[in-house]
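For reference, the structure is listed below as structure tokens.
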Amino acid sequence: MSRGRRIRLVLGYDGSGFHGFARQEGLRTVQGVLEAELRRMLGVEIPVEGSGRTDRGVHARAQVIHFDLPYGPPAGRMVHVLRRRLPADLLPRAADEVDKGFHARFSVVRKTYRYTLDLAPLPDLYWYRYSWHLPEPLDLAAMQDAARHLLGEHDFTSFCAAEAPQRDKVRRIDRVEFRQDGWRLHIEFEGNGFLQYMVRILVGTLVKVGRGKERPDRIPLIMEARDRRLAGETAPPHGLCLWNVEYPPEYGGKVIDLDDDL
């Protein structure tokens with residue numbers, strides 16, 4: 001059967017009700033829900049490929065997928081059609097038609113993740129599902145000092161899950177930025193790729209520095225040791241959001257403007 005047109009779809013989702021992105025038998029996942037709806041729409045199996053996997057409880061502002069359509073609505077109507085059919089916690093944001101050389105995962109040049117800390121004395125009613133509540137003072141200057149050691153290309157074995165499936169643990173981080181919003185502290189990580197639990201462990205390590213339980217200048221030593229036990233705790237998943245995905249210029253660069261909110 002001819003696979004026709006290749007569609008790129010940008011999705012936002014609240015990860016609270018999903019067991020991650022990747023399909024798992026008997027569990028509600030983003031990929032599973034989307035594939036099931038496409039099957040109901042078109043009467044055939046339509047496998048979807050994502051820009052990467054998010055873990056259970058992790059959110060996305062701009063997850064990117066692609067799939068090939070043998071027939072069906074044009075790309076310009078795909079968002080409207082799917083918004084009427086998908087559950088409220090899975091939101092199609094944009095769609096376009098791309099050439100067959102595009103791949104949601106393998107064409108990625110850079111990703112941005114945002115982690116949110118809620119430093120208020122009491123958890124915010126509207127943010128408790130999207131932030132890690134830490135009602136304590138943190139030394140932001142020390143955290144920023146520690147973050148500078150993360151920039152560049154390094155082996156991040158100490159900052160990923162011990163059972164991470166990737167054999168090559170070398171990744172490049174281009175930017176770590178701290179953004180204050182009242183009691184909330186957003187930490188953005190931008191790089192060419194991230195290992196399993198990597199952002200959450202980096203956040204846990206920066207929080208350890210902010211609490212005064214680790215020195216900023218020890219980050220290079222922790223990195224060189226390639227020992228997960230030396231880094232900080234794994235931050236909870238619900239504070240993490242896949243914020244943006246960037247492709248080469250021929251595929252439009254960043255899929256969502258960084259200042260464009262849901």
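Here, A, B, ... name the chains of the structure tokens in the order displayed, residue numbers run from 1 inside each chain, and ligands are numbered from 1 in the same displayed order.
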
As a list in words, please: every residue in range 7-89 of chain A that a backbone DSSP assignment puts in alpha helix (DSSP H).
Val30, Gln31, Gly32, Val33, Leu34, Glu35, Ala36, Glu37, Leu38, Arg39, Arg40, Met41, Leu42, Ala75, Gly76, Arg77, Met78, Val79, His80, Val81, Leu82, Arg83, Arg84 and Arg85 of chain A

Residues at most 9 Å from range 151-154 of chain A, counting only C-alpha atoms, excluding those fewer than 5 positions away in the same chain, as a list in words?
Lys169, Val170, Arg171, Arg172, Ile173, Asp174, Arg175, Val176, Gly191, Met223 and Glu224 of chain A

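Close contacts of Asp68 in chain A, defined as residues with an atom at most 10 Å away when counting only C-alpha atoms, with chain neighbours fewer than 4 positions off set aside, comprise Ser2, Arg3, Gly4, Arg5, Arg6, Ile7, Arg8, Ile46, Pro47, Val48, Glu49, Glu97, Val98 and Lys100 of chain A.
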
Could you pull out the strand (DSSP E or B) residues of range 119-228 of chain A from DSSP and send them as number ranges by chain?
A: 132-133, 152-155, 170-181, 184-191

Considering only C-alpha atoms, return as a list in words whatever protein or nucleic-acid residues lie within 10 Å of His80 in chain A, sequence-local ones (same chain, fewer than 2 positions apart) excluded.
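In the requested form, the answer reads Ala75, Gly76, Arg77, Met78, Leu82, Arg83, Arg84, Arg85, Pro92, Arg93, Ala94 and Ala95 of chain A.
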
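One finds CA of His59 in chain A at 25.8 Å from CA of Glu45 in chain A.
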
Give me, as a ChimeraX atom specification, all polymer residues having an atom no more than 6 Å from range 114-124 of chain A, counting only C-alpha atoms and skipping those fewer than 2 positions away in the same chain.
/A:126-128,131-135,183-188,239-241,243

Export, as a PDB file, in the first residue's frame, the selected residues with N, CA and C atoms.
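Result file selection.pdb:
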ATOM      1  N   TYR A 126      -2.687  25.680  40.944  1.00  0.00           N
ATOM      2  CA  TYR A 126      -2.725  25.473  39.499  1.00  0.00           C
ATOM      3  C   TYR A 126      -1.407  24.955  38.933  1.00  0.00           C
ATOM      4  N   TRP A 127      -0.382  24.849  39.769  1.00  0.00           N
ATOM      5  CA  TRP A 127       0.924  24.415  39.283  1.00  0.00           C
ATOM      6  C   TRP A 127       1.415  23.126  39.921  1.00  0.00           C
ATOM      7  N   TYR A 128       0.674  22.559  40.859  1.00  0.00           N
ATOM      8  CA  TYR A 128       1.220  21.428  41.603  1.00  0.00           C
ATOM      9  C   TYR A 128       1.444  20.203  40.720  1.00  0.00           C
ATOM     10  N   SER A 131       5.056  21.224  38.579  1.00  0.00           N
ATOM     11  CA  SER A 131       6.255  21.765  39.221  1.00  0.00           C
ATOM     12  C   SER A 131       6.609  20.922  40.437  1.00  0.00           C
ATOM     13  N   TRP A 132       7.882  20.981  40.817  1.00  0.00           N
ATOM     14  CA  TRP A 132       8.390  20.320  42.015  1.00  0.00           C
ATOM     15  C   TRP A 132       8.345  21.335  43.146  1.00  0.00           C
ATOM     16  N   HIS A 133       7.521  21.074  44.147  1.00  0.00           N
ATOM     17  CA  HIS A 133       7.366  22.017  45.248  1.00  0.00           C
ATOM     18  C   HIS A 133       8.523  21.859  46.229  1.00  0.00           C
ATOM     19  N   LEU A 134       9.309  22.925  46.364  1.00  0.00           N
ATOM     20  CA  LEU A 134      10.446  22.949  47.286  1.00  0.00           C
ATOM     21  C   LEU A 134      10.338  24.218  48.127  1.00  0.00           C
ATOM     22  N   PRO A 135       9.627  24.171  49.255  1.00  0.00           N
ATOM     23  CA  PRO A 135       9.406  25.378  50.065  1.00  0.00           C
ATOM     24  C   PRO A 135      10.616  25.726  50.934  1.00  0.00           C
ATOM     25  N   TRP A 183       7.246  32.972  42.532  1.00  0.00           N
ATOM     26  CA  TRP A 183       7.811  31.895  43.340  1.00  0.00           C
ATOM     27  C   TRP A 183       8.377  30.766  42.486  1.00  0.00           C
ATOM     28  N   ARG A 184       8.052  30.779  41.212  1.00  0.00           N
ATOM     29  CA  ARG A 184       8.490  29.687  40.342  1.00  0.00           C
ATOM     30  C   ARG A 184       9.867  29.971  39.743  1.00  0.00           C
ATOM     31  N   LEU A 185      10.662  28.918  39.663  1.00  0.00           N
ATOM     32  CA  LEU A 185      11.970  28.988  39.017  1.00  0.00           C
ATOM     33  C   LEU A 185      11.984  27.963  37.887  1.00  0.00           C
ATOM     34  N   HIS A 186      12.085  28.452  36.649  1.00  0.00           N
ATOM     35  CA  HIS A 186      12.162  27.580  35.486  1.00  0.00           C
ATOM     36  C   HIS A 186      13.632  27.411  35.104  1.00  0.00           C
ATOM     37  N   ILE A 187      14.039  26.180  34.867  1.00  0.00           N
ATOM     38  CA  ILE A 187      15.402  25.893  34.407  1.00  0.00           C
ATOM     39  C   ILE A 187      15.292  25.253  33.027  1.00  0.00           C
ATOM     40  N   GLU A 188      15.864  25.913  32.027  1.00  0.00           N
ATOM     41  CA  GLU A 188      15.788  25.419  30.652  1.00  0.00           C
ATOM     42  C   GLU A 188      17.132  24.830  30.227  1.00  0.00           C
ATOM     43  N   GLY A 239       7.548  17.904  37.058  1.00  0.00           N
ATOM     44  CA  GLY A 239       8.076  19.256  36.858  1.00  0.00           C
ATOM     45  C   GLY A 239       8.714  19.459  35.497  1.00  0.00           C
ATOM     46  N   LEU A 240       8.811  18.389  34.709  1.00  0.00           N
ATOM     47  CA  LEU A 240       9.553  18.430  33.451  1.00  0.00           C
ATOM     48  C   LEU A 240       8.615  18.551  32.253  1.00  0.00           C
ATOM     49  N   CYS A 241       9.033  19.361  31.294  1.00  0.00           N
ATOM     50  CA  CYS A 241       8.250  19.545  30.073  1.00  0.00           C
ATOM     51  C   CYS A 241       9.195  19.607  28.868  1.00  0.00           C
ATOM     52  N   TRP A 243       9.962  21.239  25.895  1.00  0.00           N
ATOM     53  CA  TRP A 243       9.544  22.607  25.598  1.00  0.00           C
ATOM     54  C   TRP A 243       9.586  22.934  24.114  1.00  0.00           C
TER      55      TRP A 243
END

May I have the residues within 9 Å of Glu233 in chain A as a list in words, using only C-alpha atoms and disregarding those fewer than 4 positions away in the same chain?
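The contact residues come out as Arg200, Ile201, Leu202, Val203, Gly204, Thr205, Val207, Lys208 and Arg229 of chain A.
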
For the selection you just gave me, I'd like the residues written to a file as a PDB file, in the first residue's frame, keeping all heavy atoms.
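Result written to part_34.pdb:
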ATOM      1  N   ARG A 200      16.255  15.379  34.587  1.00  0.00           N
ATOM      2  CA  ARG A 200      15.776  15.281  35.968  1.00  0.00           C
ATOM      3  C   ARG A 200      16.933  15.095  36.947  1.00  0.00           C
ATOM      4  O   ARG A 200      16.908  15.634  38.071  1.00  0.00           O
ATOM      5  CB  ARG A 200      14.763  14.147  36.082  1.00  0.00           C
ATOM      6  CG  ARG A 200      13.461  14.441  35.329  1.00  0.00           C
ATOM      7  CD  ARG A 200      12.608  13.198  35.141  1.00  0.00           C
ATOM      8  NE  ARG A 200      12.302  12.566  36.416  1.00  0.00           N
ATOM      9  CZ  ARG A 200      11.796  11.327  36.528  1.00  0.00           C
ATOM     10  NH1 ARG A 200      11.572  10.602  35.432  1.00  0.00           N
ATOM     11  NH2 ARG A 200      11.533  10.825  37.702  1.00  0.00           N
ATOM     12  N   ILE A 201      17.969  14.363  36.553  1.00  0.00           N
ATOM     13  CA  ILE A 201      19.126  14.183  37.435  1.00  0.00           C
ATOM     14  C   ILE A 201      19.963  15.457  37.481  1.00  0.00           C
ATOM     15  O   ILE A 201      20.497  15.832  38.542  1.00  0.00           O
ATOM     16  CB  ILE A 201      19.962  12.973  36.979  1.00  0.00           C
ATOM     17  CG1 ILE A 201      19.140  11.681  37.167  1.00  0.00           C
ATOM     18  CG2 ILE A 201      21.263  12.877  37.757  1.00  0.00           C
ATOM     19  CD1 ILE A 201      19.763  10.453  36.540  1.00  0.00           C
ATOM     20  N   LEU A 202      20.070  16.150  36.356  1.00  0.00           N
ATOM     21  CA  LEU A 202      20.765  17.440  36.373  1.00  0.00           C
ATOM     22  C   LEU A 202      20.063  18.415  37.314  1.00  0.00           C
ATOM     23  O   LEU A 202      20.710  19.132  38.088  1.00  0.00           O
ATOM     24  CB  LEU A 202      20.826  18.021  34.956  1.00  0.00           C
ATOM     25  CG  LEU A 202      21.749  17.303  33.960  1.00  0.00           C
ATOM     26  CD1 LEU A 202      21.585  17.898  32.575  1.00  0.00           C
ATOM     27  CD2 LEU A 202      23.207  17.385  34.406  1.00  0.00           C
ATOM     28  N   VAL A 203      18.726  18.448  37.251  1.00  0.00           N
ATOM     29  CA  VAL A 203      17.970  19.326  38.146  1.00  0.00           C
ATOM     30  C   VAL A 203      18.198  18.923  39.602  1.00  0.00           C
ATOM     31  O   VAL A 203      18.437  19.775  40.468  1.00  0.00           O
ATOM     32  CB  VAL A 203      16.467  19.297  37.802  1.00  0.00           C
ATOM     33  CG1 VAL A 203      15.645  19.993  38.886  1.00  0.00           C
ATOM     34  CG2 VAL A 203      16.216  19.947  36.451  1.00  0.00           C
ATOM     35  N   GLY A 204      18.129  17.623  39.890  1.00  0.00           N
ATOM     36  CA  GLY A 204      18.363  17.161  41.256  1.00  0.00           C
ATOM     37  C   GLY A 204      19.743  17.547  41.767  1.00  0.00           C
ATOM     38  O   GLY A 204      19.915  17.887  42.948  1.00  0.00           O
ATOM     39  N   THR A 205      20.725  17.534  40.870  1.00  0.00           N
ATOM     40  CA  THR A 205      22.083  17.910  41.252  1.00  0.00           C
ATOM     41  C   THR A 205      22.184  19.415  41.490  1.00  0.00           C
ATOM     42  O   THR A 205      22.827  19.865  42.454  1.00  0.00           O
ATOM     43  CB  THR A 205      23.073  17.469  40.165  1.00  0.00           C
ATOM     44  OG1 THR A 205      22.933  16.060  39.933  1.00  0.00           O
ATOM     45  CG2 THR A 205      24.503  17.771  40.578  1.00  0.00           C
ATOM     46  N   VAL A 207      19.752  21.355  42.427  1.00  0.00           N
ATOM     47  CA  VAL A 207      19.039  21.610  43.680  1.00  0.00           C
ATOM     48  C   VAL A 207      19.936  21.269  44.870  1.00  0.00           C
ATOM     49  O   VAL A 207      19.969  21.986  45.885  1.00  0.00           O
ATOM     50  CB  VAL A 207      17.719  20.814  43.727  1.00  0.00           C
ATOM     51  CG1 VAL A 207      17.146  20.783  45.149  1.00  0.00           C
ATOM     52  CG2 VAL A 207      16.703  21.420  42.770  1.00  0.00           C
ATOM     53  N   LYS A 208      20.694  20.186  44.754  1.00  0.00           N
ATOM     54  CA  LYS A 208      21.635  19.815  45.829  1.00  0.00           C
ATOM     55  C   LYS A 208      22.648  20.924  46.049  1.00  0.00           C
ATOM     56  O   LYS A 208      22.996  21.261  47.189  1.00  0.00           O
ATOM     57  CB  LYS A 208      22.327  18.505  45.453  1.00  0.00           C
ATOM     58  CG  LYS A 208      23.186  17.901  46.542  1.00  0.00           C
ATOM     59  CD  LYS A 208      23.753  16.553  46.099  1.00  0.00           C
ATOM     60  CE  LYS A 208      24.590  15.904  47.195  1.00  0.00           C
ATOM     61  NZ  LYS A 208      25.151  14.599  46.738  1.00  0.00           N
ATOM     62  N   ARG A 229      26.011   7.413  41.216  1.00  0.00           N
ATOM     63  CA  ARG A 229      25.830   7.562  42.667  1.00  0.00           C
ATOM     64  C   ARG A 229      26.346   8.895  43.196  1.00  0.00           C
ATOM     65  O   ARG A 229      25.959   9.318  44.291  1.00  0.00           O
ATOM     66  CB  ARG A 229      26.554   6.415  43.393  1.00  0.00           C
ATOM     67  CG  ARG A 229      25.956   5.038  43.120  1.00  0.00           C
ATOM     68  CD  ARG A 229      26.830   3.941  43.652  1.00  0.00           C
ATOM     69  NE  ARG A 229      28.148   3.933  43.013  1.00  0.00           N
ATOM     70  CZ  ARG A 229      29.124   3.093  43.340  1.00  0.00           C
ATOM     71  NH1 ARG A 229      28.937   2.194  44.293  1.00  0.00           N
ATOM     72  NH2 ARG A 229      30.285   3.144  42.708  1.00  0.00           N
TER      73      ARG A 229
END

I need the residue nearest Arg61 in chain A from this list: A:Leu90, A:Leu27, A:Val209, A:Ala231. Use only C-alpha atoms for the distance.
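Comparing A:Leu90, A:Leu27, A:Val209, A:Ala231 against Arg61 in chain A, the winner is A:Leu90.
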
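You can rank A:Phe194, A:Thr54, A:Arg39, A:Ala235 by their closest distance to Arg23 in chain A using only C-alpha atoms, and at the top of that list sits A:Thr54.
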
What separation in Å, quoted to one decimal, exists between CA of Ser16 in chain A and CA of Leu206 in chain A?
24.2 Å
